[in-house]
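Next up, start_14.txt (compact mmCIF, C-alpha atoms):
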```txt
# COMPACT_ATOMS: atom_id res chain seq x y z
CA MET A 186 86.43 89.51 103.07
CA PRO A 187 87.91 91.94 100.51
CA LEU A 188 86.34 90.04 97.63
CA TYR A 189 82.98 89.76 99.42
CA SER A 190 83.04 93.49 100.22
CA LEU A 191 83.92 94.36 96.64
CA VAL A 192 81.10 92.21 95.25
CA CYS A 193 78.62 93.73 97.71
CA VAL A 194 79.60 97.33 97.01
CA VAL A 195 79.75 96.95 93.22
CA THR A 196 76.54 94.94 92.80
CA GLY A 197 74.54 96.34 95.70
CA TRP A 198 73.88 92.79 96.95
CA ALA A 199 73.65 92.39 100.74
CA THR A 200 73.88 96.13 101.30
CA GLY A 201 71.48 98.70 102.62
CA PRO A 202 71.58 102.42 103.38
CA TYR A 203 71.14 103.82 106.85
CA GLY A 204 71.41 107.25 108.46
CA ASP A 205 69.51 109.07 105.70
CA GLY A 206 71.66 107.40 103.03
CA ALA A 207 74.93 108.85 104.32
CA TYR A 208 76.15 105.42 105.40
CA LEU A 209 75.98 101.93 104.00
CA HIS A 210 75.58 98.60 105.77
CA ILE A 211 77.24 95.53 104.29
CA TYR A 212 75.34 92.55 105.67
CA TYR A 213 76.50 89.07 106.55
CA PRO A 214 75.69 86.79 103.60
CA PHE A 215 72.00 85.89 103.35
CA THR A 216 71.02 87.88 106.46
CA ASN A 217 70.04 91.42 107.43
CA ILE A 218 72.65 91.60 110.19
CA PRO A 219 75.21 94.38 109.55
CA PHE A 220 78.75 93.13 109.03
CA LEU A 221 80.50 96.36 108.00
CA ASN A 222 79.40 99.99 108.19
CA ILE A 223 80.94 102.44 105.72
CA ASP A 224 80.37 105.95 104.42
CA ASN A 225 78.25 106.01 101.29
CA ASN A 226 80.46 108.03 98.94
CA ILE A 227 82.66 106.78 96.13
CA PRO A 228 86.07 108.24 97.16
CA TYR A 229 85.68 106.83 100.66
CA ILE A 230 84.59 103.41 99.38
CA ILE A 231 87.51 103.14 96.95
CA PHE A 232 90.40 104.77 98.80
CA GLU A 233 89.57 104.33 102.46
CA PHE A 234 87.70 101.02 102.40
CA LEU A 235 88.46 98.78 99.41
CA LEU A 236 92.11 99.80 98.87
CA PRO A 237 93.26 99.19 102.48
CA LEU A 238 91.11 96.07 102.75
CA GLY A 239 92.54 94.63 99.55
CA LEU A 240 96.13 95.55 100.40
CA TYR A 241 95.87 94.03 103.87
CA GLY A 242 94.34 90.93 102.31
CA LEU A 243 97.46 90.75 100.11
CA PHE A 244 99.70 91.41 103.12
CA PHE A 245 98.24 88.58 105.19
CA TRP A 246 98.33 86.20 102.22
CA LEU A 247 102.04 86.96 101.72
CA THR A 248 102.62 86.61 105.47
CA GLY A 249 100.97 83.19 105.39
CA ASN A 250 103.27 82.16 102.54
CA VAL A 251 106.32 83.28 104.53
CA PHE A 252 105.21 81.25 107.55
CA LYS A 253 104.53 78.29 105.25
CA ALA A 254 108.17 78.44 104.16
CA PHE A 255 109.27 77.86 107.77
CA TYR A 256 107.27 74.63 108.02
CA GLN A 257 109.07 72.86 105.17
CA PRO A 258 111.23 69.80 105.90
CA ARG A 259 114.25 71.77 104.69
CA LEU A 260 114.53 75.31 106.05
CA PHE A 261 116.59 76.84 103.25
CA THR A 262 114.69 76.32 100.00
CA GLY A 263 114.12 78.26 96.82
CA PHE A 264 110.44 78.46 97.81
CA GLY A 265 111.35 80.17 101.10
CA VAL A 266 113.65 82.68 99.41
CA LYS A 267 110.96 83.47 96.84
CA GLN A 268 108.29 84.00 99.51
CA LEU A 269 110.55 86.28 101.54
CA ARG A 270 111.42 88.25 98.41
CA ASN A 271 107.72 88.69 97.54
CA PHE A 272 107.03 89.81 101.11
CA TYR A 273 109.80 92.42 101.29
CA VAL A 274 109.13 93.78 97.81
CA ALA A 275 105.43 94.21 98.62
CA ASN A 276 106.16 95.86 101.97
CA LEU A 277 108.72 98.25 100.51
CA ALA A 278 107.03 99.09 97.21
CA ILE A 279 103.26 99.20 97.80
CA PRO A 280 102.35 101.13 101.00
CA LEU A 281 103.80 104.56 100.21
CA PRO A 282 102.42 104.85 96.64
CA ALA A 283 99.04 103.57 97.85
CA LEU A 284 98.98 106.16 100.63
CA LEU A 285 100.02 108.98 98.30
CA LEU A 286 97.37 107.95 95.76
CA SER A 287 94.63 107.75 98.36
CA ASN A 288 95.75 111.03 99.93
CA VAL A 289 94.92 112.80 96.66
CA PHE A 290 91.26 111.78 96.93
CA ALA A 291 90.75 111.38 100.68
CA GLU A 292 92.53 112.79 103.73
CA ALA A 293 94.95 110.32 105.32
CA ASP A 294 95.31 110.11 109.09
CA GLY A 295 98.61 110.23 110.94
CA ILE A 296 98.26 106.54 111.72
CA ALA A 297 98.39 105.79 107.99
CA PHE A 298 101.84 107.38 107.75
CA ALA A 299 102.95 105.40 110.80
CA LEU A 300 101.74 102.19 109.12
CA VAL A 301 103.83 103.00 106.04
CA ILE A 302 106.88 103.27 108.29
CA VAL A 303 106.02 99.98 110.02
CA HIS A 304 105.70 98.25 106.64
CA GLY A 305 109.04 99.73 105.61
CA ILE A 306 110.66 98.27 108.72
CA LEU A 307 109.00 94.90 108.04
CA GLY A 308 110.28 95.04 104.46
CA ILE A 309 113.84 95.76 105.56
CA PHE A 310 113.73 92.96 108.13
CA ALA A 311 112.33 90.54 105.52
CA TYR A 312 115.05 91.64 103.08
CA PHE A 313 117.77 90.69 105.56
CA MET A 314 116.05 87.37 106.20
CA ALA A 315 115.84 86.72 102.45
CA VAL A 316 119.57 87.40 102.08
CA ILE A 317 120.32 85.01 104.95
CA PHE A 318 118.03 82.36 103.43
CA LYS A 319 119.64 82.81 100.02
CA GLN A 320 123.11 82.35 101.51
CA GLY A 321 121.90 79.35 103.53
CA LEU A 322 120.43 77.80 100.38
CA LYS A 323 123.71 78.35 98.54
CA LEU A 324 125.74 76.74 101.35
CA GLN A 325 123.24 73.92 101.71
CA ASN A 326 123.40 73.15 97.99
CA GLU A 327 127.21 73.26 97.99
CA GLN A 328 127.61 71.03 101.02
CA GLU A 329 124.38 69.01 100.67
CA LEU A 330 123.58 69.70 104.30
CA PHE A 331 120.18 69.64 105.96
CA ILE A 332 120.04 72.50 108.40
```

Encoding of this model in structure tokens:
Amino acid sequence: MPLYSLVCVVTGWATGPYGDGAYLHIYYPFTNIPFLNIDNNIPYIIFEFLLPLGLYGLFFWLTGNVFKAFYQPRLFTGFGVKQLRNFYVANLAIPLPALLLSNVFAEADGIAFALVIVHGILGIFAYFMAVIFKQGLKLQNEQELFI
């Protein structure tokens, strides 16, 4: 969805104005049925539509990779540690700078600040899990155990 939205907004494909041009419809592919409705101004499109959409696309992709690590035959693997590290680094490092950047160009709601705090908590929790997984991997490699 983020890539489709980006292509539509940049190229003008599958989009159409409504409400005297103040708003923009993004249509379902190859139809005239509205899929998304957004304000038709550049700061809104970049900082309040594409940036959150892209970052949440990244978040859910990283979340999927973390869950994929739990479905491996061996629980403690280098792959799992790497996925948890990517997840906690992204949750700790990206939300606050993204919010501060977007706040320069568009007003951020109170819910946006609450989401930054939630992502910080998720990042801390994932950090502790990554440390546990790293220690489990170390013990597993030393003892050649399957846990």

Hey, can I get the axis-aligned box for segment 217-230 of chain A? All listed atoms, 5 Å padding on each side, centre and edge lengths in Å to one decimal, as lines of an AutoDock Vina configuration file.
```
center_x = 78.1
center_y = 99.8
center_z = 103.2
size_x = 26.0
size_y = 26.8
size_z = 24.1
```

(Q) Would you pick out the contacts of segment 267-274 of chain A at 7 Å or less, using all atoms listed in the file, so that residues sharing its chain but fewer than 5 positions from it are not included, and give the list as a ChimeraX atom specification? (A) /A:247-248,250-251,308-309,311-312,315

Q: Find the residues around Val194 of chain A up to 9 Å (all atoms listed in the file counted), leave out those fewer than 5 positions away in its own chain, and share them as number ranges by chain.
A: A: 189, 199-200, 211, 230

Q: For atom CA of Glu329 of chain A and atom CA of Gly263 of chain A, determine how far apart the two atoms are, in Å to one decimal place.
A: 14.3 Å

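Atom CA of Phe290 of chain A is found 6.3 Å from atom CA of Pro228 of chain A.
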
Q) Distance atom CA of Pro282 of chain A-atom CA of Leu300 of chain A, one decimal place? A)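 These atoms are spaced 12.8 Å apart.
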
Q | From A:Leu238, A:Met186, A:Leu260, A:Leu281, residue lying nearest Leu322 of chain A [all atoms listed in the file] | A |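 Distance minimum relative to Leu322 of chain A lands on A:Leu260.
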
Q) From the set A:Met314, A:Val192, A:Ile296, A:Ala278, which residue has the shortest atom-to-atom contact distance to Phe255 of chain A, counting all atoms listed in the file? A)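 The answer is A:Met314, which sits nearest to Phe255 of chain A.
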
Q: Name the closest residue to Ile231 of chain A among the candidates A:Gly305, A:Ala275, A:Asn326, A:Pro187; distances are taken between atoms, counting all atoms listed in the file.
A: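 Using all atoms listed in the file, Ile231 of chain A sits closest to A:Pro187.
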
Q.
Show me, as a list in words, the residues that have an atom within 10 Å of Leu240 of chain A when counting all atoms listed in the file, minus same-chain residues fewer than 2 positions from it.
A.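 Answer for this query is Pro187, Leu235, Leu236, Pro237, Leu238, Gly242, Leu243, Phe244, Phe245, Trp246, Ala275, Ile279, Pro280 and Ala283 of chain A.
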
Store the residues of this selection in a file with C-alpha atoms, as a PDB file, in the frame of the given file.
```pdb
ATOM      1  CA  PRO A 187      87.910  91.940 100.510  1.00  0.00           C
ATOM      2  CA  LEU A 235      88.460  98.780  99.410  1.00  0.00           C
ATOM      3  CA  LEU A 236      92.110  99.800  98.870  1.00  0.00           C
ATOM      4  CA  PRO A 237      93.260  99.190 102.480  1.00  0.00           C
ATOM      5  CA  LEU A 238      91.110  96.070 102.750  1.00  0.00           C
ATOM      6  CA  GLY A 242      94.340  90.930 102.310  1.00  0.00           C
ATOM      7  CA  LEU A 243      97.460  90.750 100.110  1.00  0.00           C
ATOM      8  CA  PHE A 244      99.700  91.410 103.120  1.00  0.00           C
ATOM      9  CA  PHE A 245      98.240  88.580 105.190  1.00  0.00           C
ATOM     10  CA  TRP A 246      98.330  86.200 102.220  1.00  0.00           C
ATOM     11  CA  ALA A 275     105.430  94.210  98.620  1.00  0.00           C
ATOM     12  CA  ILE A 279     103.260  99.200  97.800  1.00  0.00           C
ATOM     13  CA  PRO A 280     102.350 101.130 101.000  1.00  0.00           C
ATOM     14  CA  ALA A 283      99.040 103.570  97.850  1.00  0.00           C
TER      15      ALA A 283
END
```

Q: Could you tell me which of A:Tyr208, A:Ile227, A:Ala297, A:Val289 comes closest to Val195 of chain A if we count all atoms listed in the file?
A: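 Closest to Val195 of chain A, using all atoms listed in the file: A:Ile227.
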
Q | Surrounding residues of Phe215 of chain A excluding itself and chain neighbours under 3 positions, 10 Å, all atoms listed in the file, as a ChimeraX atom specification | A | /A:198-199,212,218

Q. With all atoms listed in the file as the atoms that count, which of A:Ser190, A:Ser287, A:Thr262, A:Thr216 lies nearest to Tyr229 of chain A?
A.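 Comparing A:Ser190, A:Ser287, A:Thr262, A:Thr216 against Tyr229 of chain A, the winner is A:Ser287.
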
Mind dumping segment 225-239 of chain A from that block, keeping N, CA and C atoms, as a compact mmCIF listing (two decimals), in the first residue's frame?
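Wrote it out as part17.txt, contents follow:
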```
# COMPACT_ATOMS: atom_id res chain seq x y z
N ASN A 225 -5.15 17.68 -0.42
CA ASN A 225 -4.38 17.90 -1.63
C ASN A 225 -3.40 19.06 -1.44
N ASN A 226 -2.45 18.90 -0.51
CA ASN A 226 -1.35 19.85 -0.38
C ASN A 226 -0.08 19.08 -0.06
N ILE A 227 1.03 19.59 -0.54
CA ILE A 227 2.30 18.85 -0.50
C ILE A 227 2.77 18.54 0.92
N PRO A 228 2.78 19.48 1.87
CA PRO A 228 3.25 19.11 3.22
C PRO A 228 2.41 18.00 3.85
N TYR A 229 1.10 18.05 3.65
CA TYR A 229 0.26 16.99 4.19
C TYR A 229 0.59 15.65 3.54
N ILE A 230 0.70 15.65 2.22
CA ILE A 230 0.96 14.40 1.51
C ILE A 230 2.28 13.78 1.96
N ILE A 231 3.30 14.58 2.11
CA ILE A 231 4.62 14.03 2.48
C ILE A 231 4.67 13.64 3.95
N PHE A 232 4.32 14.57 4.85
CA PHE A 232 4.60 14.38 6.27
C PHE A 232 3.46 13.75 7.06
N GLU A 233 2.25 13.82 6.56
CA GLU A 233 1.15 13.24 7.31
C GLU A 233 0.51 12.05 6.60
N PHE A 234 0.94 11.77 5.38
CA PHE A 234 0.40 10.62 4.66
C PHE A 234 1.49 9.63 4.29
N LEU A 235 2.44 10.05 3.45
CA LEU A 235 3.45 9.10 2.97
C LEU A 235 4.45 8.69 4.05
N LEU A 236 4.91 9.63 4.88
CA LEU A 236 5.87 9.28 5.93
C LEU A 236 5.30 8.28 6.93
N PRO A 237 4.14 8.53 7.53
CA PRO A 237 3.60 7.52 8.45
C PRO A 237 3.26 6.20 7.76
N LEU A 238 2.74 6.28 6.54
CA LEU A 238 2.40 5.06 5.81
C LEU A 238 3.64 4.23 5.52
N GLY A 239 4.70 4.88 5.09
CA GLY A 239 5.95 4.18 4.82
C GLY A 239 6.59 3.62 6.08
```
